[in-house]
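With TSV, C-alpha atoms inside, this is model-v7.tsv:
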```tsv
chain	number	residue	atom	x	y	z
A	1	MET	CA	96.81	-33.97	36.74
A	2	LYS	CA	98.37	-36.20	34.15
A	3	LEU	CA	101.07	-38.36	35.60
A	4	THR	CA	103.93	-39.58	33.54
A	5	PRO	CA	105.92	-42.48	34.87
A	6	ASN	CA	109.41	-41.57	35.90
A	7	ARG	CA	111.69	-43.55	33.62
A	8	ASN	CA	114.33	-43.82	36.31
A	9	ILE	CA	111.79	-45.79	38.23
A	10	SER	CA	110.18	-47.88	35.55
A	11	ASN	CA	113.56	-48.75	34.08
A	12	ILE	CA	115.32	-49.89	37.24
A	13	GLU	CA	117.75	-52.59	36.27
A	14	GLY	CA	119.81	-55.32	37.80
A	15	ASP	CA	118.82	-56.89	41.10
A	16	ALA	CA	116.41	-54.09	41.93
A	17	VAL	CA	114.35	-54.54	38.77
A	18	LEU	CA	110.61	-54.26	39.41
A	19	PRO	CA	108.79	-57.59	39.40
A	20	ARG	CA	106.93	-57.80	36.11
A	21	LYS	CA	105.11	-60.37	34.13
A	22	ASN	CA	104.63	-59.92	30.43
A	23	GLY	CA	105.91	-56.40	30.86
A	24	GLU	CA	103.43	-55.44	33.48
A	25	LEU	CA	104.05	-54.83	37.13
A	26	VAL	CA	103.20	-57.70	39.42
A	27	PHE	CA	101.64	-57.07	42.80
A	28	HIS	CA	100.44	-59.96	44.93
A	29	ASP	CA	98.68	-58.02	47.63
A	30	ALA	CA	97.16	-54.60	48.10
A	31	TRP	CA	99.93	-53.56	50.50
A	32	GLU	CA	102.53	-54.05	47.78
A	33	ARG	CA	100.68	-51.61	45.53
A	34	ARG	CA	100.43	-49.06	48.33
A	35	ALA	CA	104.09	-49.45	49.31
A	36	PHE	CA	105.07	-48.98	45.68
A	37	ALA	CA	102.91	-45.88	45.34
A	38	LEU	CA	104.10	-44.31	48.59
A	39	ALA	CA	107.78	-44.57	47.72
A	40	VAL	CA	107.22	-43.31	44.18
A	41	ALA	CA	104.90	-40.49	45.26
A	42	LEU	CA	107.29	-39.02	47.82
A	43	CYS	CA	110.15	-39.25	45.36
A	44	GLU	CA	108.12	-37.53	42.65
A	45	GLN	CA	107.34	-34.76	45.10
A	46	GLY	CA	111.03	-34.19	45.61
A	47	HIS	CA	111.44	-35.49	49.14
A	48	TYR	CA	114.39	-37.58	48.01
A	49	GLN	CA	116.22	-38.51	44.86
A	50	TRP	CA	115.33	-41.81	43.26
A	51	ASP	CA	118.93	-42.99	43.58
A	52	GLU	CA	118.81	-42.47	47.33
A	53	PHE	CA	115.88	-44.84	47.59
A	54	ARG	CA	117.28	-47.26	45.06
A	55	ASP	CA	120.60	-47.60	46.88
A	56	HIS	CA	118.72	-48.77	49.96
A	57	LEU	CA	116.65	-51.14	47.87
A	58	ILE	CA	119.72	-52.70	46.28
A	59	ALA	CA	121.32	-53.10	49.71
A	60	GLU	CA	118.17	-54.70	51.16
A	61	ILE	CA	117.87	-57.13	48.26
A	62	ASP	CA	121.52	-57.96	48.51
A	63	ALA	CA	121.19	-58.69	52.22
A	64	ALA	CA	118.10	-60.83	51.60
A	65	ASP	CA	119.91	-62.78	48.88
A	66	LYS	CA	122.85	-63.41	51.18
A	67	ALA	CA	120.57	-64.53	53.99
A	68	LYS	CA	118.78	-66.83	51.60
A	69	ALA	CA	122.03	-68.33	50.35
A	70	GLN	CA	122.98	-69.17	53.92
A	71	SER	CA	119.71	-70.82	54.84
A	72	PRO	CA	117.78	-71.58	51.67
A	73	ASP	CA	114.87	-73.21	53.50
A	74	THR	CA	113.81	-70.36	55.68
A	75	SER	CA	111.48	-67.61	54.58
A	76	PHE	CA	113.25	-64.50	53.32
A	77	PRO	CA	111.91	-61.02	52.66
A	78	GLY	CA	110.37	-60.64	49.21
A	79	TYR	CA	110.88	-57.75	46.83
A	80	TYR	CA	108.26	-55.46	48.29
A	81	GLU	CA	109.27	-56.24	51.86
A	82	ASN	CA	112.72	-55.02	50.89
A	83	TRP	CA	111.05	-52.11	49.16
A	84	LEU	CA	109.11	-51.20	52.30
A	85	ALA	CA	112.17	-51.43	54.53
A	86	SER	CA	114.08	-49.19	52.10
A	87	PHE	CA	111.24	-46.69	52.10
A	88	GLU	CA	111.25	-46.50	55.89
A	89	LYS	CA	115.02	-46.03	55.90
A	90	VAL	CA	114.87	-43.16	53.47
A	91	LEU	CA	112.06	-41.53	55.47
A	92	ILE	CA	114.25	-41.56	58.58
A	93	GLU	CA	117.33	-40.47	56.68
A	94	LYS	CA	115.52	-37.46	55.26
A	95	GLY	CA	113.93	-36.55	58.56
A	96	ILE	CA	110.44	-37.03	57.13
A	97	CYS	CA	109.58	-39.37	59.98
A	98	THR	CA	111.19	-40.24	63.23
A	99	LEU	CA	112.01	-43.81	64.11
A	100	ASP	CA	109.39	-44.05	66.84
A	101	GLN	CA	106.66	-42.97	64.41
A	102	LEU	CA	107.28	-45.96	62.19
A	103	PRO	CA	105.05	-48.98	62.54
A	104	SER	CA	108.01	-51.33	62.20
A	105	LYS	CA	110.13	-49.73	64.93
A	106	THR	CA	109.82	-52.81	67.12
A	107	THR	CA	111.14	-55.19	64.51
A	108	GLU	CA	114.62	-53.69	64.20
B	289	MET	CA	112.58	-72.46	33.20
B	290	GLY	CA	115.54	-70.33	34.27
B	291	ASN	CA	118.60	-69.33	32.33
B	292	GLU	CA	119.05	-72.11	29.84
B	293	HIS	CA	121.57	-70.03	27.98
B	294	SER	CA	124.00	-67.77	29.67
B	295	HIS	CA	126.04	-66.68	26.71
B	296	GLY	CA	126.96	-63.02	26.73
B	297	SER	CA	126.35	-60.63	29.56
B	298	SER	CA	123.57	-60.65	32.10
B	299	ALA	CA	121.93	-57.97	29.98
B	300	HIS	CA	121.45	-60.54	27.28
B	301	SER	CA	118.10	-61.90	28.38
B	302	ALA	CA	115.25	-60.18	30.08
B	303	PRO	CA	116.06	-59.71	33.74
B	304	PRO	CA	115.51	-62.76	35.91
B	305	ASN	CA	112.49	-62.43	38.06
B	306	PRO	CA	112.62	-64.41	41.29
B	307	TYR	CA	109.94	-62.35	42.93
B	308	LEU	CA	106.90	-63.45	41.04
B	309	GLU	CA	105.99	-66.10	43.59
B	310	LYS	CA	104.04	-64.98	46.57
B	311	HIS	CA	105.77	-66.32	49.64
B	312	THR	CA	104.20	-64.64	52.66
B	313	THR	CA	101.84	-66.49	54.98
B	314	PRO	CA	98.39	-64.99	55.61
B	315	GLU	CA	99.62	-63.79	59.03
B	316	GLN	CA	102.65	-62.09	57.50
B	317	THR	CA	100.51	-60.55	54.80
B	318	GLU	CA	98.16	-59.16	57.39
B	319	ALA	CA	101.04	-57.70	59.38
B	320	LEU	CA	102.44	-56.09	56.24
B	321	GLU	CA	99.02	-54.71	55.28
B	322	LYS	CA	98.84	-53.11	58.70
B	323	ARG	CA	102.37	-51.75	58.54
B	324	VAL	CA	101.76	-50.08	55.19
B	325	ARG	CA	98.35	-48.78	56.24
B	326	THR	CA	99.88	-47.17	59.35
B	327	LEU	CA	102.66	-45.66	57.29
B	328	GLU	CA	100.19	-44.36	54.74
B	329	SER	CA	97.97	-42.68	57.30
B	330	LEU	CA	101.02	-41.18	58.98
B	331	LEU	CA	102.16	-39.61	55.70
B	332	ILE	CA	98.65	-38.48	54.83
B	333	LYS	CA	98.36	-36.89	58.26
B	334	LYS	CA	101.63	-35.08	57.67
B	335	GLY	CA	100.08	-33.72	54.49
B	336	LEU	CA	102.76	-35.30	52.31
B	337	VAL	CA	100.49	-37.37	50.15
B	338	SER	CA	96.82	-38.03	49.49
B	339	ALA	CA	95.05	-41.34	49.02
B	340	GLU	CA	93.91	-40.11	45.62
B	341	THR	CA	97.46	-39.42	44.46
B	342	LEU	CA	98.49	-42.89	45.53
B	343	ASP	CA	95.68	-44.49	43.55
B	344	LYS	CA	96.57	-42.49	40.49
B	345	MET	CA	100.23	-43.36	40.92
B	346	VAL	CA	99.58	-47.08	40.93
B	347	GLU	CA	97.27	-46.85	37.96
B	348	THR	CA	99.82	-44.91	35.93
B	349	TYR	CA	102.64	-47.30	36.57
B	350	GLU	CA	100.55	-50.41	36.10
B	351	ASN	CA	99.26	-49.25	32.75
B	352	ASP	CA	102.04	-47.17	31.41
B	353	ILE	CA	105.16	-49.25	31.49
B	354	GLY	CA	105.86	-52.43	29.62
B	355	PRO	CA	104.46	-53.06	26.15
B	356	LEU	CA	102.92	-49.60	26.05
B	357	ASN	CA	106.32	-48.00	25.54
B	358	GLY	CA	106.68	-49.84	22.26
B	359	ALA	CA	103.10	-48.98	21.32
B	360	LYS	CA	103.88	-45.29	21.71
B	361	VAL	CA	106.86	-45.64	19.43
B	362	VAL	CA	104.71	-47.34	16.79
B	363	ALA	CA	101.88	-44.80	17.03
B	364	ARG	CA	104.33	-41.92	16.67
B	365	ALA	CA	105.82	-43.53	13.58
B	366	TRP	CA	102.31	-43.91	12.12
B	367	VAL	CA	101.47	-40.23	12.49
B	368	ASP	CA	104.87	-38.64	11.95
B	369	PRO	CA	106.69	-39.62	8.72
B	370	ALA	CA	109.89	-37.83	9.75
B	371	TYR	CA	109.94	-39.76	13.02
B	372	LYS	CA	109.31	-43.00	11.17
B	373	GLU	CA	112.27	-42.32	8.92
B	374	ARG	CA	114.53	-41.72	11.90
B	375	LEU	CA	113.17	-44.83	13.60
B	376	LEU	CA	113.84	-47.12	10.66
B	377	LYS	CA	117.25	-45.59	10.04
B	378	ASP	CA	118.54	-45.73	13.60
B	379	ALA	CA	116.02	-46.97	16.13
B	380	THR	CA	117.96	-46.62	19.38
B	381	PRO	CA	118.13	-42.78	19.43
B	382	ALA	CA	114.64	-42.50	17.91
B	383	ILE	CA	113.21	-44.59	20.75
B	384	ALA	CA	115.22	-42.59	23.27
B	385	GLU	CA	113.58	-39.43	21.87
B	386	LEU	CA	110.35	-40.63	23.47
B	387	GLY	CA	112.14	-41.11	26.76
B	388	PHE	CA	112.54	-44.88	26.61
B	389	SER	CA	115.97	-46.12	27.43
B	390	GLY	CA	117.38	-48.74	29.70
B	391	LEU	CA	119.09	-50.78	27.07
B	392	GLN	CA	122.51	-51.85	28.21
B	393	GLY	CA	124.52	-51.35	25.08
B	394	GLU	CA	122.30	-53.35	22.77
B	395	HIS	CA	121.21	-51.80	19.55
B	396	MET	CA	117.54	-51.56	18.62
B	397	VAL	CA	116.50	-52.22	15.06
B	398	VAL	CA	112.94	-51.59	13.92
B	399	VAL	CA	111.73	-53.42	10.83
B	400	GLU	CA	108.69	-52.25	8.90
B	401	ASN	CA	105.81	-54.43	7.76
B	402	THR	CA	104.42	-53.55	4.35
B	403	PRO	CA	101.75	-55.12	2.13
B	404	SER	CA	104.46	-57.28	0.55
B	405	VAL	CA	106.81	-57.98	3.47
B	406	HIS	CA	105.95	-59.33	6.90
B	407	ASN	CA	108.57	-59.39	9.67
B	408	LEU	CA	108.82	-61.81	12.55
B	409	VAL	CA	111.09	-61.49	15.59
B	410	VAL	CA	112.67	-64.45	17.32
B	411	CYS	CA	115.70	-65.25	19.43
B	412	THR	CA	116.79	-68.69	18.36
B	413	LEU	CA	119.47	-68.94	21.04
B	414	CYS	CA	117.44	-68.06	24.10
B	415	SER	CA	115.19	-65.12	24.79
B	416	CYS	CA	116.84	-61.86	23.82
B	417	TYR	CA	114.08	-59.33	23.90
B	418	PRO	CA	113.75	-55.55	23.67
B	419	TRP	CA	112.37	-55.41	27.19
B	420	PRO	CA	112.67	-51.65	27.78
B	421	VAL	CA	110.09	-51.15	25.05
B	422	LEU	CA	108.15	-54.40	25.31
B	423	GLY	CA	108.48	-55.36	28.96
B	424	LEU	CA	109.22	-58.96	29.75
B	425	PRO	CA	108.86	-61.56	27.02
B	426	PRO	CA	105.80	-63.78	26.87
B	427	ALA	CA	106.35	-67.42	27.83
B	428	TRP	CA	105.98	-68.71	24.27
B	429	PHE	CA	108.79	-66.46	23.07
B	430	LYS	CA	111.19	-68.47	25.22
B	431	GLU	CA	109.88	-71.87	24.23
B	432	ALA	CA	112.04	-74.08	22.07
B	433	ALA	CA	109.13	-74.77	19.72
B	434	TYR	CA	108.77	-71.11	18.77
B	435	ARG	CA	112.50	-70.47	18.69
B	436	SER	CA	113.29	-73.25	16.26
B	437	ARG	CA	110.11	-73.43	14.22
B	438	SER	CA	109.84	-69.73	13.43
B	439	VAL	CA	113.02	-70.06	11.40
B	440	VAL	CA	112.12	-73.18	9.40
B	441	ASP	CA	108.36	-72.63	9.10
B	442	PRO	CA	107.46	-69.00	9.85
B	443	ARG	CA	104.28	-69.25	7.79
B	444	GLY	CA	103.11	-72.18	9.91
B	445	VAL	CA	103.95	-70.32	13.13
B	446	LEU	CA	101.96	-67.29	11.99
B	447	HIS	CA	99.08	-69.55	11.04
B	448	ASP	CA	99.09	-70.94	14.59
B	449	PHE	CA	98.83	-67.39	15.87
B	450	GLY	CA	95.78	-66.95	13.65
B	451	LEU	CA	97.52	-64.96	10.94
B	452	THR	CA	97.32	-66.46	7.47
B	453	LEU	CA	99.34	-64.48	4.98
B	454	ASP	CA	98.97	-64.58	1.24
B	455	GLU	CA	101.66	-66.65	-0.50
B	456	SER	CA	102.83	-63.50	-2.25
B	457	VAL	CA	103.81	-61.87	1.06
B	458	ALA	CA	107.47	-62.45	1.87
B	459	ILE	CA	108.27	-63.31	5.47
B	460	LYS	CA	111.51	-62.12	7.01
B	461	VAL	CA	112.64	-63.62	10.28
B	462	TRP	CA	114.92	-61.54	12.49
B	463	ASP	CA	117.06	-63.37	14.99
B	464	SER	CA	117.80	-61.23	18.03
B	465	SER	CA	121.19	-61.39	19.65
B	466	ALA	CA	123.11	-59.93	22.53
B	467	GLU	CA	123.97	-56.95	20.35
B	468	ILE	CA	120.80	-56.38	18.35
B	469	ARG	CA	117.18	-56.39	19.47
B	470	TYR	CA	114.45	-56.22	16.87
B	471	MET	CA	110.98	-54.78	17.01
B	472	VAL	CA	108.38	-54.81	14.26
B	473	LEU	CA	106.67	-51.66	13.06
B	474	PRO	CA	103.24	-53.08	12.16
B	475	GLU	CA	101.20	-51.68	9.29
B	476	ARG	CA	98.78	-48.99	10.34
B	477	PRO	CA	95.34	-50.63	10.11
B	478	ALA	CA	92.99	-49.39	7.40
B	479	GLY	CA	90.19	-47.16	8.61
B	480	THR	CA	92.23	-45.47	11.33
B	481	GLU	CA	92.99	-42.30	9.36
B	482	GLY	CA	90.93	-40.12	11.65
B	483	MET	CA	92.38	-41.45	14.88
B	484	SER	CA	94.66	-39.47	17.16
B	485	GLU	CA	98.09	-40.68	18.16
B	486	GLU	CA	96.77	-41.49	21.61
B	487	GLU	CA	93.93	-43.59	20.17
B	488	LEU	CA	96.35	-45.40	17.90
B	489	VAL	CA	98.54	-46.43	20.84
B	490	ALA	CA	95.69	-48.60	22.10
B	491	LEU	CA	95.66	-50.58	18.84
B	492	VAL	CA	99.28	-51.66	19.07
B	493	THR	CA	99.71	-54.96	20.84
B	494	ARG	CA	102.85	-56.66	22.00
B	495	ASP	CA	102.22	-59.52	19.58
B	496	ALA	CA	101.99	-57.11	16.66
B	497	MET	CA	105.36	-55.64	17.62
B	498	LEU	CA	106.86	-59.13	17.57
B	499	GLY	CA	105.22	-59.80	14.22
B	500	VAL	CA	103.08	-62.78	15.21
B	501	THR	CA	99.89	-60.79	14.56
B	502	LYS	CA	98.91	-57.60	12.79
B	503	ALA	CA	97.63	-54.45	14.45
B	504	GLU	CA	93.85	-54.33	14.10
B	505	SER	CA	91.68	-51.27	13.71
B	506	ARG	CA	89.71	-52.30	16.75
B	507	VAL	CA	91.07	-53.63	20.00
B	508	ALA	CA	90.00	-57.24	20.46
```
What does this structure look like when you write it as structure tokens?
Amino acid sequence: MKLTPNRNISNIEGDAVLPRKNGELVFHDAWERRAFALAVALCEQGHYQWDEFRDHLIAEIDAADKAKAQSPDTSFPGYYENWLASFEKVLIEKGICTLDQLPSKTTE
Amino acid sequence: MGNEHSHGSSAHSAPPNPYLEKHTTPEQTEALEKRVRTLESLLIKKGLVSAETLDKMVETYENDIGPLNGAKVVARAWVDPAYKERLLKDATPAIAELGFSGLQGEHMVVVENTPSVHNLVVCTLCSCYPWPVLGLPPAWFKEAAYRSRSVVDPRGVLHDFGLTLDESVAIKVWDSSAEIRYMVLPERPAGTEGMSEEELVALVTRDAMLGVTKAESRVA
């Protein structure tokens, strides 16, 4: 199977733009890679439209930015934490998982 | 660094990137690792995805976006004269033909290197950059030294990058702006006649597409 990157995904713009350095994707930890791959894989398989995921991502980033503006010194969720939260939301929304199946159910 | 110039729209420079710093503590990282691992096994158990697909997915995206987009454009132009003509005439639609878009109203212009003319791309004002084809700009592209010196002493700049051109070769410097983004079509290296388009892609570096180096017949 030859995968071709979905240009809707690799060309996300604005606040939701993928973290890159010298054009390449930046992942700090293994979980970020996996979270990226999970969200892209399920989208590619048609479980949701990219826009549906992206709208959540933009909202999460926006909320994180606002929280950061209010208290600049405290830790705020990074890009892939927002990404992960968006992924979980879209899974629930699409009925792919139920809330109590999610590992983060206790944090909300 | 940051946005030293904010003339024009936000699309003017490469997108800001506040997420490059790692900010999680080891405890948070561990909790996130666990959360993703649990999610992954849940989705694997549901038969929605396989670990192998995920690996392949990451590999594809890590290797196949960024400078490679521009490299594909160059390789196509090397093997397909009709495509090259379209590219040099009107680059934006020609680049879109290969599926690369994401420009926000800026116009792409591709300039061709020949044995007698060498092109160099700069943005003297800040760091305008054709990022949908070349990814994010390298740090030196944004530095004042490169931005100012490439205009007054392009030959010296190229020399610093290890490229010494014959005096007979004219150097053209292209100053990017909010409206126009330039990319260099490097010369196809000698001795690559038998190579496939796919093999050629690997020879095209970001630096060659900015004009600070040439494409070489072997990857360094």
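Taking CA of Ser465 in chain B as the reference point, CA of Cys416 in chain B is found at 6.0 Å.
Across B:Lys360, B:Arg443, B:His395, B:Arg374, the tightest approach to Val421 in chain B is made by B:Lys360 when counting only C-alpha atoms.
For Ile92 in chain A, the list of residues within 12 Å, based on only C-alpha atoms and with local chain neighbours fewer than 3 positions off taken out, reads His47, Tyr48, Phe53, Ala85, Ser86, Phe87, Glu88, Lys89, Gly95, Ile96, Cys97, Thr98, Leu99, Asp100, Gln101, Leu102 and Lys105 of chain A.
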Original post:
What does the distance between CA of Leu320 in chain B and CA of Leu91 in chain A come to in Å, to one decimal place?
Top reply: 17.5 Å
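Remark: for chain B, the closest of the candidate residues A:Gly78, A:Ala67, A:Arg54, A:Ala59 is A:Gly78 (distances computed over all atoms listed in the file).
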Original post:
Any idea what's packed within 12 Å of Leu331 in chain B, counting only C-alpha atoms, ignoring anything in its chain fewer than 3 positions away? Could you give it as an NGL selection string?
Top reply: (:A and (35 or 38-39 or 41-42 or 88 or 91 or 96-98 or 101-103)) or (:B and (324-328 or 334-339 or 342))
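Remark: for Ala379 in chain B, the closest of the candidate residues B:Val489, B:Met396, B:Ala432, B:Val367 is B:Met396 (distances computed over all atoms listed in the file).
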**OP:** Rank A:Lys94, A:Arg34, A:Lys66, A:His56 by their smallest atom-to-atom distance to Asp343 in chain B, using all atoms listed in the file, and report the top residue only.
**Re:** A:Arg34
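Checking B:Arg437, B:Asp463, B:Met345, B:Gln316 one by one against Cys43 in chain A, counting all atoms listed in the file, you find the shortest gap at B:Met345.
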Original post:
Counting all atoms listed in the file, what is within 8 Å of Glu400 in chain B, bar same-chain residues fewer than 4 positions away, as a list in words?
Top reply: Leu376, His406, Asn407, Val472, Leu473, Pro474 and Glu475 of chain B
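You will find CA of Leu498 in chain B at 10.9 Å from CA of Asn401 in chain B.
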**OP:** List the neighbours of Glu394 in chain B out to 8 Å using all atoms listed in the file; skip same-chain residues closer than 3 positions along the sequence, and give me the result as a ChimeraX atom specification.
**Re:** /B:391,466-469
Taking all atoms of range 377-382 of chain B that the file lists, what box with edges along x, y and z, padded by 4 Å per side, do you get, with centre and edge lengths in Å to one decimal, as lines of an AutoDock Vina configuration file?
```
center_x = 116.6
center_y = -44.7
center_z = 14.7
size_x = 11.9
size_y = 12.5
size_z = 17.4
```
